[in-house]
file data.cif (mmCIF, C-alpha atoms)
data_input
loop_
_atom_site.label_atom_id
_atom_site.label_comp_id
_atom_site.auth_asym_id
_atom_site.auth_seq_id
_atom_site.Cartn_x
_atom_site.Cartn_y
_atom_site.Cartn_z
CA MET A 1 67.82 95.67 95.81
CA LEU A 2 67.44 92.21 97.42
CA ASN A 3 70.02 90.73 95.01
CA HIS A 4 72.41 93.51 95.98
CA TRP A 5 72.05 92.56 99.65
CA GLN A 6 72.47 88.86 98.88
CA SER A 7 75.72 89.54 97.03
CA HIS A 8 77.24 90.62 100.36
CA LYS A 9 75.89 87.69 102.37
CA ASP A 10 78.74 85.19 101.84
CA ARG A 11 81.47 87.75 102.40
CA LEU A 12 79.80 89.08 105.55
CA ARG A 13 79.32 85.53 106.86
CA SER A 14 83.01 84.85 106.28
CA TYR A 15 83.99 88.12 107.98
CA ILE A 16 81.83 87.31 111.00
CA GLY A 17 82.98 83.67 111.05
CA LYS A 18 86.61 84.73 111.44
CA ARG A 19 85.71 86.68 114.55
CA VAL A 20 83.04 84.47 116.19
CA ASP A 21 83.38 80.78 117.09
CA THR A 22 79.89 79.31 117.09
CA PRO A 23 77.89 78.83 113.86
CA ALA A 24 74.62 79.78 115.58
CA ALA A 25 76.15 83.07 116.71
CA ILE A 26 77.41 83.74 113.18
CA ASP A 27 73.88 83.38 111.82
CA ASP A 28 72.42 85.50 114.61
CA ILE A 29 74.92 88.28 114.00
CA LEU A 30 74.38 88.14 110.24
CA GLN A 31 70.64 88.44 110.78
CA GLU A 32 71.19 91.35 113.14
CA VAL A 33 73.36 93.07 110.52
CA TYR A 34 70.62 92.76 107.91
CA LEU A 35 67.95 93.97 110.34
CA LYS A 36 69.99 97.00 111.32
CA ALA A 37 70.86 97.72 107.70
CA HIS A 38 67.21 97.48 106.68
CA THR A 39 65.93 99.69 109.49
CA HIS A 40 68.69 102.29 109.00
CA LEU A 41 68.83 102.25 105.20
CA HIS A 42 67.66 105.86 105.14
CA GLN A 43 70.99 106.83 106.78
CA LEU A 44 73.05 105.48 103.87
CA ARG A 45 74.10 108.49 101.83
CA ASN A 46 75.06 106.72 98.60
CA ASN A 47 74.96 103.14 97.38
CA GLY A 48 78.70 103.21 96.62
CA SER A 49 79.45 103.08 100.34
CA LEU A 50 77.06 100.17 101.03
CA ASN A 51 79.89 97.65 101.37
CA GLY A 52 81.80 99.63 103.99
CA TRP A 53 78.58 100.52 105.77
CA LEU A 54 77.58 96.84 106.07
CA TYR A 55 81.01 95.88 107.40
CA ARG A 56 80.83 98.68 110.00
CA ILE A 57 77.44 97.36 111.14
CA ALA A 58 78.87 93.81 111.23
CA HIS A 59 81.89 94.96 113.23
CA ASN A 60 79.66 96.71 115.79
CA ALA A 61 77.37 93.65 116.04
CA ILE A 62 80.40 91.41 116.63
CA MET A 63 81.68 93.73 119.37
CA ASP A 64 78.22 93.74 120.99
CA HIS A 65 78.19 89.92 120.84
CA HIS A 66 81.59 89.68 122.55
CA ARG A 67 80.56 92.16 125.25
CA GLN A 68 77.42 90.17 126.01
CA HIS A 69 79.21 86.82 126.09
CA ARG A 70 82.37 87.89 127.88
CA SER A 71 83.27 85.36 130.53
CA HIS A 72 83.53 86.72 134.00
CA ASN A 73 86.08 85.12 136.24
CA GLU A 74 85.07 84.86 139.86
CA LEU A 75 87.26 86.55 142.38
CA PRO A 76 89.08 84.29 144.80
CA ASP A 77 87.53 83.88 148.24
CA ASP A 78 90.75 84.91 149.96
CA LEU A 79 90.78 88.33 148.28
CA ALA A 80 90.47 90.66 151.24
CA ALA A 81 88.79 94.03 151.22
CA PRO A 82 90.92 96.96 152.37
CA GLN A 83 90.86 97.47 156.09
CA THR A 84 88.33 100.18 156.82
CA ASP A 85 90.11 101.13 160.03
CA ASP A 86 93.21 102.17 158.04
CA ALA A 87 91.11 104.17 155.59
CA GLU A 88 89.20 105.84 158.42
CA GLN A 89 92.46 106.69 160.15
CA ALA A 90 93.82 108.18 156.92
CA HIS A 91 90.63 110.25 156.57
CA ARG A 92 90.94 111.61 160.11
CA GLU A 93 94.63 112.45 159.70
CA LEU A 94 94.07 114.05 156.31
CA ALA A 95 91.14 116.07 157.66
CA GLN A 96 93.47 117.47 160.33
CA CYS A 97 95.90 118.46 157.57
CA LEU A 98 93.19 120.38 155.74
CA VAL A 99 92.47 122.90 158.49
CA PRO A 100 95.87 124.66 158.31
CA LEU A 101 95.74 124.55 154.52
CA ILE A 102 92.26 126.07 154.49
CA ASP A 103 93.43 128.74 156.95
CA GLU A 104 96.09 129.80 154.42
CA LEU A 105 93.51 130.51 151.70
CA PRO A 106 92.58 134.12 150.93
CA LEU A 107 89.64 135.24 153.09
CA ARG A 108 87.23 135.54 150.13
CA TYR A 109 87.65 131.79 149.42
CA ARG A 110 88.42 130.54 152.93
CA VAL A 111 85.14 131.60 154.55
CA PRO A 112 82.79 130.19 151.86
CA LEU A 113 84.80 126.95 151.78
CA GLN A 114 84.67 126.60 155.58
CA LEU A 115 80.93 127.24 155.56
CA ALA A 116 80.36 124.66 152.84
CA GLU A 117 82.76 121.91 153.81
CA LEU A 118 83.20 122.24 157.57
CA GLN A 119 79.80 123.59 158.61
CA GLY A 120 77.75 121.88 155.90
CA LEU A 121 75.83 124.94 154.71
CA SER A 122 74.19 124.87 151.30
CA GLN A 123 75.52 127.27 148.72
CA GLN A 124 72.29 129.28 148.93
CA GLN A 125 72.77 129.58 152.71
CA ILE A 126 76.36 130.70 152.11
CA ALA A 127 75.17 133.32 149.63
CA ASP A 128 72.59 134.62 152.11
CA HIS A 129 75.07 134.59 155.01
CA LEU A 130 77.78 136.48 153.09
CA GLY A 131 75.47 138.76 151.10
CA LEU A 132 76.47 137.23 147.76
CA THR A 133 74.50 136.05 144.78
CA LEU A 134 74.11 132.29 144.50
CA SER A 135 76.41 132.34 141.48
CA GLY A 136 79.01 134.30 143.45
CA ALA A 137 78.85 131.87 146.37
CA LYS A 138 79.20 128.87 144.06
CA SER A 139 82.15 130.49 142.33
CA ARG A 140 83.96 131.23 145.58
CA VAL A 141 83.39 127.74 146.99
CA GLN A 142 84.64 126.19 143.74
CA ARG A 143 87.72 128.42 143.60
CA GLY A 144 88.42 127.70 147.25
CA ARG A 145 88.27 123.96 146.53
CA GLN A 146 90.64 124.38 143.59
CA GLN A 147 93.16 126.34 145.64
CA LEU A 148 92.89 123.84 148.51
CA ARG A 149 93.45 120.95 146.09
CA GLN A 150 96.54 122.67 144.68
CA ARG A 151 97.98 123.24 148.14
CA LEU A 152 97.14 119.72 149.28
CA THR A 153 98.69 118.00 146.25
CA ALA A 154 101.78 120.19 146.59
CA CYS A 155 102.06 119.01 150.19
CA CYS A 156 100.97 115.34 150.03
CA ASP A 157 100.88 112.33 147.74
CA ILE A 158 97.28 111.14 147.95
CA GLU A 159 96.08 107.66 146.99
CA VAL A 160 92.46 107.75 145.83
CA GLY A 161 90.21 104.77 145.11
CA ARG A 162 86.51 104.17 144.52
CA GLY A 163 85.68 104.90 148.12
CA GLY A 164 87.61 108.17 148.17
CA VAL A 165 90.96 108.76 149.84
CA LEU A 166 92.69 105.48 150.71
CA ASP A 167 96.00 106.78 152.00
CA TYR A 168 98.34 109.75 151.89
CA HIS A 169 102.02 110.48 152.45
CA PRO A 170 103.47 113.92 153.16
CA LYS A 171 105.95 115.05 150.51
CA ASP A 172 107.63 117.53 152.81
CA PRO A 173 107.81 117.03 156.61
CA ASP A 174 107.89 120.81 157.05
CA CYS A 175 104.60 121.28 155.24
CA ARG A 176 102.13 123.32 157.30
CA GLY A 177 99.35 120.88 156.47
CA CYS A 178 100.45 117.29 156.95
#
call {"tool": "encode", "arguments": {"input": "data.cif", "output": "structure tokens"}}
result
Amino acid sequence: MLNHWQSHKDRLRSYIGKRVDTPAAIDDILQEVYLKAHTHLHQLRNNGSLNGWLYRIAHNAIMDHHRQHRSHNELPDDLAAPQTDDAEQAHRELAQCLVPLIDELPLRYRVPLQLAELQGLSQQQIADHLGLTLSGAKSRVQRGRQQLRQRLTACCDIEVGRGGVLDYHPKDPDCRGC
């Protein structure tokens, strides 16, 4: 079996060498390929697919190498963070838009959504307050959120980033929300 592995060594080294610049990295990746192949040999279904299997391991090891050695460019010092005052203002304005949109929801979804989002009750507290099962309360809050989202996106273009809503623009000035 060792001779069979050695027959692939030169071709694998060449394959890796075309994709990696440094000779030390080529040897490290080749060694990693053989270690992974040896430890996972039981996963090989038939010896006829050994060649393709080794190249798949080599490809994955090369990708791992590139991920680990990816150069990270530093961000310029003059790159400014978004103004939090603008984002806070957008949040306040958008929150005011939500109240009329929530008020338009059917009662069975409006009340659980108001209790959850505006009053901060847990879903168990909502269930107890409305005489529902926990599953029923969760379902109504979720459906209320979906309907609110549909109404809001029909009314406004919303810009969302990592920190949440960054900005919004009403689509229709006559919209009851914005």
call {"tool": "atom_distance", "arguments": {"input": "data.cif", "atom1": "atom CA of A:Gln119", "atom2": "atom CA of A:Leu98"}}
result
14.1 Å
call {"tool": "closest_residue", "arguments": {"input": "data.cif", "among": "A:Leu41, A:Ile126, A:Leu35, A:Leu12", "to": "A:Val111", "atoms": "all atoms listed in the file"}}
result
A:Ile126
call {"tool": "resolve_selection", "arguments": {"input": "data.cif", "expression": "the PyMOL selection byres ((chain A and resi 140) around 8)", "output": "list in words"}}
result
Arg108, Tyr109, Pro112, Leu113, Gly136, Ala137, Lys138, Ser139, Val141, Gln142, Arg143 and Gly144 of chain A
call {"tool": "residues_near_point", "arguments": {"input": "data.cif", "point": "(82.6, 88.1, 112.6)", "cutoff": "8 Å", "atoms": "all atoms listed in the file", "output": "count of residues only"}}
result
14
call {"tool": "atom_distance", "arguments": {"input": "data.cif", "atom1": "atom CA of A:Leu30", "atom2": "atom CA of A:Lys9"}}
result
8.0 Å
call {"tool": "closest_residue", "arguments": {"input": "data.cif", "among": "A:Ile102, A:Leu50, A:Cys97, A:Leu132", "to": "A:Gln147", "atoms": "only C-alpha atoms"}}
result
A:Ile102
call {"tool": "atom_distance", "arguments": {"input": "data.cif", "atom1": "atom CA of A:Ala95", "atom2": "atom CA of A:Thr133"}}
result
29.0 Å
call {"tool": "closest_residue", "arguments": {"input": "data.cif", "among": "A:His129, A:His42, A:Arg151, A:His69", "to": "A:Asp103", "atoms": "all atoms listed in the file"}}
result
A:Arg151
call {"tool": "residues_around", "arguments": {"input": "data.cif", "residues": "stretch 152-155 of chain A", "least_positions_apart": "3", "cutoff": "6 Å", "atoms": "all atoms listed in the file", "output": "list in words"}}
result
Leu148, Arg149 and Lys171 of chain A
call {"tool": "write_last_selection", "arguments": {"input": "data.cif", "atoms": "C-alpha atoms", "output": "JSON list (two decimals), in the coordinates of the input"}}
result
[["chain", "number", "residue", "atom", "x", "y", "z"],
["A", 148, "LEU", "CA", 92.89, 123.84, 148.51],
["A", 149, "ARG", "CA", 93.45, 120.95, 146.09],
["A", 171, "LYS", "CA", 105.95, 115.05, 150.51]]
call {"tool": "axis_aligned_box", "arguments": {"input": "data.cif", "around": "stretch 137-150 of chain A", "padding_each_side": "3 Å", "output": "lines of an AutoDock Vina configuration file"}}
result
center_x = 87.7
center_y = 126.4
center_z = 145.4
size_x = 23.7
size_y = 16.9
size_z = 12.2
call {"tool": "closest_residue", "arguments": {"input": "data.cif", "among": "A:Gln43, A:Gln150, A:Gln114, A:Asn51", "to": "A:Arg11", "atoms": "all atoms listed in the file"}}
result
A:Asn51
call {"tool": "closest_residue", "arguments": {"input": "data.cif", "among": "A:Asp27, A:Ile57, A:Leu115, A:Gly52", "to": "A:Asp128", "atoms": "only C-alpha atoms"}}
result
A:Leu115
